[in-house]
Structures are given as C-alpha cells and as structure tokens.
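The next block is my_file22.pdb, given as PDB, C-alpha atoms.
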ATOM      1  CA  MET A 247       5.233 -35.912  53.015
ATOM      2  CA  LYS A 248       8.979 -36.276  53.476
ATOM      3  CA  ARG A 249      10.197 -39.869  53.762
ATOM      4  CA  ASP A 250      13.478 -40.797  55.330
ATOM      5  CA  ALA A 251      16.233 -42.557  53.385
ATOM      6  CA  LEU A 252      16.092 -45.783  55.378
ATOM      7  CA  ARG A 253      12.338 -46.086  54.787
ATOM      8  CA  ILE A 254      12.949 -45.440  51.073
ATOM      9  CA  VAL A 255      15.575 -48.211  50.977
ATOM     10  CA  ARG A 256      13.161 -50.622  52.643
ATOM     11  CA  ASP A 257      10.337 -49.639  50.277
ATOM     12  CA  GLU A 258      12.593 -50.089  47.244
ATOM     13  CA  HIS A 259      13.637 -53.485  48.581
ATOM     14  CA  ALA A 260       9.986 -54.453  48.982
ATOM     15  CA  SER A 261       9.224 -53.467  45.366
ATOM     16  CA  LEU A 262      12.224 -55.351  44.087
ATOM     17  CA  ALA A 263      11.439 -58.442  46.190
ATOM     18  CA  ALA A 264       7.897 -58.441  44.792
ATOM     19  CA  MET A 265       9.317 -58.168  41.272
ATOM     20  CA  LEU A 266      11.721 -61.057  41.882
ATOM     21  CA  ARG A 267       8.977 -63.252  43.324
ATOM     22  CA  SER A 268       6.758 -62.454  40.351
ATOM     23  CA  LEU A 269       9.611 -63.471  38.075
ATOM     24  CA  LEU A 270       9.716 -66.838  39.843
ATOM     25  CA  THR A 271       5.952 -67.163  39.485
ATOM     26  CA  MET A 272       6.325 -66.493  35.773
ATOM     27  CA  LEU A 273       8.972 -69.215  35.535
ATOM     28  CA  ASP A 274       6.770 -71.667  37.418
ATOM     29  CA  ARG A 275       3.877 -70.994  35.050
ATOM     30  CA  GLY A 276       6.074 -71.001  31.949
ATOM     31  CA  PRO A 277       5.333 -69.502  28.558
ATOM     32  CA  GLU A 278       2.558 -72.018  27.987
ATOM     33  CA  ALA A 279       0.252 -70.286  30.501
ATOM     34  CA  ASP A 280      -0.117 -66.908  28.804
ATOM     35  CA  GLY A 281       1.586 -67.388  25.462
ATOM     36  CA  ALA A 282       5.248 -67.119  24.609
ATOM     37  CA  GLU A 283       5.144 -63.549  23.280
ATOM     38  CA  ARG A 284       3.569 -62.147  26.414
ATOM     39  CA  PHE A 285       5.767 -64.300  28.687
ATOM     40  CA  PHE A 286       9.055 -63.192  27.143
ATOM     41  CA  ASP A 287       7.887 -59.584  26.889
ATOM     42  CA  VAL A 288       7.152 -59.316  30.602
ATOM     43  CA  LEU A 289      10.390 -61.084  31.610
ATOM     44  CA  ARG A 290      12.396 -58.697  29.409
ATOM     45  CA  ALA A 291      10.593 -55.753  30.995
ATOM     46  CA  MET A 292      11.317 -57.074  34.504
ATOM     47  CA  LEU A 293      15.008 -57.550  33.746
ATOM     48  CA  PHE A 294      15.159 -54.104  32.156
ATOM     49  CA  TYR A 295      13.665 -52.629  35.327
ATOM     50  CA  ILE A 296      16.270 -54.424  37.456
ATOM     51  CA  GLY A 297      19.073 -53.160  35.235
ATOM     52  CA  GLU A 298      17.689 -49.656  35.025
ATOM     53  CA  PHE A 299      16.556 -48.851  38.557
ATOM     54  CA  PRO A 300      18.244 -51.002  41.211
ATOM     55  CA  GLU A 301      21.534 -51.310  39.341
ATOM     56  CA  LYS A 302      21.844 -47.714  38.088
ATOM     57  CA  LEU A 303      20.128 -45.719  40.839
ATOM     58  CA  HIS A 304      19.478 -47.735  44.009
ATOM     59  CA  HIS A 305      22.849 -49.476  44.372
ATOM     60  CA  PRO A 306      24.977 -46.384  43.662
ATOM     61  CA  LYS A 307      23.096 -44.468  46.363
ATOM     62  CA  GLU A 308      23.800 -47.255  48.823
ATOM     63  CA  SER A 309      27.446 -47.641  47.790
ATOM     64  CA  ASP A 310      28.293 -43.945  47.544
ATOM     65  CA  LEU A 311      26.175 -42.493  50.332
ATOM     66  CA  LEU A 312      24.762 -44.996  52.802
ATOM     67  CA  PHE A 313      27.512 -47.591  53.210
ATOM     68  CA  PRO A 314      30.416 -45.175  53.839
ATOM     69  CA  ARG A 315      28.450 -43.357  56.540
ATOM     70  CA  VAL A 316      27.391 -46.585  58.216
ATOM     71  CA  ALA A 317      30.928 -48.020  58.053
ATOM     72  CA  ARG A 318      32.288 -44.895  59.796
ATOM     73  CA  ALA A 319      29.569 -44.781  62.433
ATOM     74  CA  ALA A 320      29.324 -48.558  63.010
ATOM     75  CA  PRO A 321      32.652 -50.235  62.131
ATOM     76  CA  HIS A 322      31.297 -53.649  63.113
ATOM     77  CA  THR A 323      29.302 -53.587  59.840
ATOM     78  CA  LEU A 324      32.404 -53.374  57.636
ATOM     79  CA  GLU A 325      32.510 -57.079  56.744
ATOM     80  CA  ALA A 326      28.858 -57.048  55.661
ATOM     81  CA  ILE A 327      29.341 -53.823  53.725
ATOM     82  CA  GLU A 328      32.342 -55.259  51.881
ATOM     83  CA  ARG A 329      30.248 -58.271  50.862
ATOM     84  CA  LEU A 330      27.399 -56.021  49.731
ATOM     85  CA  GLU A 331      29.813 -53.868  47.710
ATOM     86  CA  LYS A 332      31.147 -56.974  45.985
ATOM     87  CA  ASP A 333      27.564 -57.921  45.139
ATOM     88  CA  HIS A 334      26.948 -54.441  43.701
ATOM     89  CA  LEU A 335      30.051 -54.627  41.516
ATOM     90  CA  GLY A 336      28.824 -57.820  39.843
ATOM     91  CA  GLY A 337      25.161 -56.834  39.589
ATOM     92  CA  GLU A 338      25.000 -55.276  36.134
ATOM     93  CA  GLY A 339      26.949 -58.160  34.623
ATOM     94  CA  ARG A 340      24.564 -60.694  36.118
ATOM     95  CA  VAL A 341      21.537 -58.845  34.752
ATOM     96  CA  ARG A 342      23.118 -58.658  31.276
ATOM     97  CA  GLU A 343      23.827 -62.389  31.440
ATOM     98  CA  LEU A 344      20.205 -63.078  32.416
ATOM     99  CA  VAL A 345      18.955 -61.006  29.481
ATOM    100  CA  HIS A 346      21.265 -62.931  27.151
ATOM    101  CA  LEU A 347      20.090 -66.288  28.524
ATOM    102  CA  LEU A 348      16.454 -65.201  28.223
ATOM    103  CA  MET A 349      16.935 -64.150  24.607
ATOM    104  CA  ALA A 350      18.733 -67.421  23.852
ATOM    105  CA  TRP A 351      15.718 -69.309  25.188
ATOM    106  CA  GLU A 352      13.275 -67.092  23.304
ATOM    107  CA  TYR A 353      15.125 -67.229  19.960
ATOM    108  CA  LEU A 354      16.800 -70.651  20.074
ATOM    109  CA  GLY A 355      14.067 -72.539  21.857
ATOM    110  CA  GLU A 356      13.549 -75.129  24.520
ATOM    111  CA  PRO A 357      17.164 -76.425  24.684
ATOM    112  CA  ARG A 358      18.105 -73.047  26.194
ATOM    113  CA  ARG A 359      15.296 -72.901  28.755
ATOM    114  CA  GLN A 360      17.046 -74.691  31.627
ATOM    115  CA  ALA A 361      20.105 -72.434  31.542
ATOM    116  CA  PHE A 362      17.912 -69.354  31.948
ATOM    117  CA  GLU A 363      15.725 -70.906  34.625
ATOM    118  CA  ASP A 364      18.709 -72.083  36.667
ATOM    119  CA  GLU A 365      20.465 -68.719  36.501
ATOM    120  CA  ALA A 366      17.238 -66.771  37.161
ATOM    121  CA  ARG A 367      16.457 -68.836  40.264
ATOM    122  CA  ALA A 368      20.041 -68.482  41.511
ATOM    123  CA  TYR A 369      19.901 -64.727  40.872
ATOM    124  CA  VAL A 370      16.628 -64.319  42.781
ATOM    125  CA  ALA A 371      18.028 -66.269  45.755
ATOM    126  CA  PHE A 372      21.223 -64.196  45.642
ATOM    127  CA  TYR A 373      19.356 -60.900  45.461
ATOM    128  CA  LEU A 374      16.910 -61.723  48.251
ATOM    129  CA  ALA A 375      19.862 -62.735  50.479
ATOM    130  CA  HIS A 376      21.637 -59.496  49.541
ATOM    131  CA  MET A 377      18.670 -57.372  50.606
ATOM    132  CA  ARG A 378      18.204 -59.441  53.773
ATOM    133  CA  LEU A 379      21.828 -58.727  54.785
ATOM    134  CA  GLU A 380      21.284 -55.004  54.238
ATOM    135  CA  GLU A 381      18.081 -55.061  56.267
ATOM    136  CA  GLN A 382      19.438 -57.177  59.119
ATOM    137  CA  VAL A 383      22.875 -55.556  59.501
ATOM    138  CA  VAL A 384      23.311 -52.237  57.694
ATOM    139  CA  LEU A 385      19.935 -50.567  58.164
ATOM    140  CA  PRO A 386      19.653 -51.302  61.901
ATOM    141  CA  ALA A 387      23.226 -50.006  62.366
ATOM    142  CA  ALA A 388      22.304 -46.875  60.414
ATOM    143  CA  GLU A 389      19.270 -46.297  62.617
ATOM    144  CA  ALA A 390      21.308 -46.753  65.783
ATOM    145  CA  SER A 391      24.503 -44.962  64.795
ATOM    146  CA  LEU A 392      24.022 -42.195  62.237
ATOM    147  CA  ASP A 393      23.934 -38.628  63.460
ATOM    148  CA  GLU A 394      21.396 -36.037  62.382
ATOM    149  CA  SER A 395      23.581 -34.482  59.672
ATOM    150  CA  ASP A 396      24.185 -37.885  58.058
ATOM    151  CA  ARG A 397      20.470 -38.620  58.171
ATOM    152  CA  ARG A 398      19.585 -35.279  56.543
ATOM    153  CA  ALA A 399      22.158 -35.821  53.773
ATOM    154  CA  LEU A 400      20.848 -39.318  53.106
ATOM    155  CA  ASP A 401      17.223 -38.197  53.171
ATOM    156  CA  ALA A 402      17.939 -35.530  50.550
ATOM    157  CA  ALA A 403      19.939 -37.867  48.312
ATOM    158  CA  PHE A 404      17.473 -40.748  48.416
ATOM    159  CA  ALA A 405      14.488 -38.488  47.745
ATOM    160  CA  ASN A 406      15.936 -37.575  44.320
ATOM    161  CA  HIS A 407      15.175 -40.898  42.629
ATOM    162  CA  VAL A 408      11.831 -42.598  42.909
ATOM    163  CA  ASP A 409      11.321 -46.295  42.219
ATOM    164  CA  PRO A 410       9.372 -46.507  38.939
ATOM    165  CA  LEU A 411       7.285 -49.372  40.321
ATOM    166  CA  SER A 412       6.170 -47.410  43.360
ATOM    167  CA  PRO A 413       2.958 -45.376  43.225
ATOM    168  CA  GLU A 414       5.060 -42.186  43.201
ATOM    169  CA  GLY A 415       7.315 -43.496  40.432
ATOM    170  CA  ALA A 416       4.398 -44.516  38.274
ATOM    171  CA  ARG A 417       3.890 -40.827  37.612
ATOM    172  CA  ASP A 418       7.374 -40.485  36.078
ATOM    173  CA  PRO A 419       6.792 -40.173  32.318
ATOM    174  CA  ALA A 420      10.214 -41.702  31.610
ATOM    175  CA  PHE A 421       9.131 -44.962  33.250
ATOM    176  CA  ASP A 422       5.387 -44.854  32.595
ATOM    177  CA  ARG A 423       5.474 -47.261  29.645
ATOM    178  CA  LEU A 424       7.656 -49.752  31.543
ATOM    179  CA  PHE A 425       5.482 -49.503  34.660
ATOM    180  CA  THR A 426       2.325 -50.057  32.611
ATOM    181  CA  ARG A 427       3.760 -53.040  30.742
ATOM    182  CA  ILE A 428       4.974 -54.793  33.887
ATOM    183  CA  VAL A 429       1.852 -54.134  35.941
ATOM    184  CA  ARG A 430      -0.452 -55.144  33.096
ATOM    185  CA  LEU A 431       1.372 -58.362  32.247
ATOM    186  CA  ALA A 432       3.101 -59.576  35.412
ATOM    187  CA  PRO A 433       1.391 -61.791  37.964
ATOM    188  CA  ALA A 434       0.668 -60.582  41.493
ATOM    189  CA  PRO A 435       2.163 -59.246  43.698
ATOM    190  CA  VAL A 436       3.647 -56.884  41.092
ATOM    191  CA  GLY A 437       0.994 -56.932  38.453
ATOM    192  CA  VAL A 438      -2.543 -57.829  37.609
ATOM    193  CA  GLY A 439      -1.741 -60.234  34.750
TER     194      GLY A 439
END

What do you get writing this file as structure tokens?
Amino acid sequence: MKRDALRIVRDEHASLAAMLRSLLTMLDRGPEADGAERFFDVLRAMLFYIGEFPEKLHHPKESDLLFPRVARAAPHTLEAIERLEKDHLGGEGRVRELVHLLMAWEYLGEPRRQAFEDEARAYVAFYLAHMRLEEQVVLPAAEASLDESDRRALDAAFANHVDPLSPEGARDPAFDRLFTRIVRLAPAPVGVG
C-alpha cells in the first residue's frame, strides 16, 4: 500500500512524540525504578534514535524537499518555515549535548542529574512545539497548495526511508537491535518495559 508523504510525516511525528513522552516518563520514574544500568541504557538508545532517524533522515527530507515546495506554493508559510529550518540546524547539536549530559550523570553521579533533566525536559517541549508548528501550518498548506507533480515527488522521496520505530521499520535489519532494545526497555507508549 502506497502512503503519501504528508501521512508519512505525521506518522513519523507520532512515533517521535511517543518516544519523547516515554523519555519524560523515564525521567519521572528515575533510575531507581528499574535499575540504573537499564535506565541509562534505554535513554542512550532513545537519544541515539533521535540523532539517527529524525536528525539524519526525517529533517533533511523536510528541509530539502517539503519546505521549499510549500514555501513556493504557499508563501504565507515562509516565516514558519524559516523558524523550522533554524530548529533543524541546531537539532544535532542539541542531541549531542543531551547525550553528553546523560553520560555526565551516569558516570559522575547525582550532582549531574539536574542538568540533564532540565535540558531533556526543555528539549522535549521544544521538539513537541516544533512538530506542532509543522502540523498546524506547513502540512495543511501543503495539502491545500501543492500540485500533483510536487505530491508525487514527495511521495517517492519520503517512501525511501522508513522510521525504525514503525512496524515497517522494525523489519529493517540495520535498526532491528535498536528497535528491540527500545521497545523491550522503554515504558509505554513506545515500549513494553
């Protein structure tokens, strides 16, 4: 079954939002709930996923393919698109900083916990707002304004990469180990841990 690009973007956002909310649930429970080794392992896996899929595959597709088409077809979205592009440019750096803060907490102990928690909560709020802006401004404008040739080009481009946390992506051997680790250890809605 062929899925359209805008549906794929929404589905990827839903997976990522679930991941981010599970990260917050993990923080609320703390390492005391399931043991420090398991806690830090699943948080590292979640941050790796964010750095590997949304930052390296999802955002470039939006920036290189979706946003330029929408900006041409619906110029009133330009301000929102510029803000989203700025967010994309800083995304990988923020994930690296979160990984560093997490490792500082894991290796240097409790005095480093608050710095990670504060930055993780700020990052989740930032990212959820980022996706909300895309879904409230850019995607509706794309639906209303893109012509058939733009839609076909987007559909083809977005079909090439599958979210490793989606049921389709779980079959990708490159991400199978990551998918299994996150689903096995993370709390719902992402996992069964």

Please identify all polymer residues within 12 Å of stretch 317-319 of chain A, counting only C-alpha atoms, omitting same-chain residues fewer than 6 positions from it, and present them as a PDB file with C-alpha atoms, in the coordinates of the input.
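Saved result, result28.pdb, follows:
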ATOM      1  CA  GLU A 308      23.800 -47.255  48.823  1.00  0.00           C
ATOM      2  CA  SER A 309      27.446 -47.641  47.790  1.00  0.00           C
ATOM      3  CA  ASP A 310      28.293 -43.945  47.544  1.00  0.00           C
ATOM      4  CA  LEU A 311      26.175 -42.493  50.332  1.00  0.00           C
ATOM      5  CA  GLU A 325      32.510 -57.079  56.744  1.00  0.00           C
ATOM      6  CA  ALA A 326      28.858 -57.048  55.661  1.00  0.00           C
ATOM      7  CA  ILE A 327      29.341 -53.823  53.725  1.00  0.00           C
ATOM      8  CA  GLU A 328      32.342 -55.259  51.881  1.00  0.00           C
ATOM      9  CA  GLU A 331      29.813 -53.868  47.710  1.00  0.00           C
ATOM     10  CA  VAL A 383      22.875 -55.556  59.501  1.00  0.00           C
ATOM     11  CA  VAL A 384      23.311 -52.237  57.694  1.00  0.00           C
ATOM     12  CA  LEU A 385      19.935 -50.567  58.164  1.00  0.00           C
ATOM     13  CA  PRO A 386      19.653 -51.302  61.901  1.00  0.00           C
ATOM     14  CA  ALA A 387      23.226 -50.006  62.366  1.00  0.00           C
ATOM     15  CA  ALA A 388      22.304 -46.875  60.414  1.00  0.00           C
ATOM     16  CA  GLU A 389      19.270 -46.297  62.617  1.00  0.00           C
ATOM     17  CA  ALA A 390      21.308 -46.753  65.783  1.00  0.00           C
ATOM     18  CA  SER A 391      24.503 -44.962  64.795  1.00  0.00           C
ATOM     19  CA  LEU A 392      24.022 -42.195  62.237  1.00  0.00           C
ATOM     20  CA  ASP A 393      23.934 -38.628  63.460  1.00  0.00           C
ATOM     21  CA  GLU A 394      21.396 -36.037  62.382  1.00  0.00           C
ATOM     22  CA  ASP A 396      24.185 -37.885  58.058  1.00  0.00           C
ATOM     23  CA  ARG A 397      20.470 -38.620  58.171  1.00  0.00           C
TER      24      ARG A 397
END

Practice task
Enter the distance from atom CA of A:Asp401 to atom CA of A:Leu262, in Å, rounded to one decimal.
Solution key: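 Going from atom CA of A:Asp401 over to atom CA of A:Leu262, I get 20.0 Å.
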
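Restricting the calculation to only C-alpha atoms, the smallest distance between A:Asp333 and any of A:Phe286, A:Trp351, A:Phe425, A:Phe372 is found for A:Phe372.
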
_Closest of A:Gly281, A:Gly276, A:Gly297, A:Pro314 to A:Glu343 - atom-to-atom distances counting all atoms listed in the file_ =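 Among A:Gly281, A:Gly276, A:Gly297, A:Pro314, it is A:Gly297 that comes nearest to A:Glu343.
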
Can you tell me which residues surround A:Glu381 at a distance of at most 12 Å, considering all atoms listed in the file, apart from same-chain residues fewer than 6 positions away, and format the answer as a PyMOL selection string?
chain A and resi 252-253+255-260+323+326-327+330+374-375+387-389
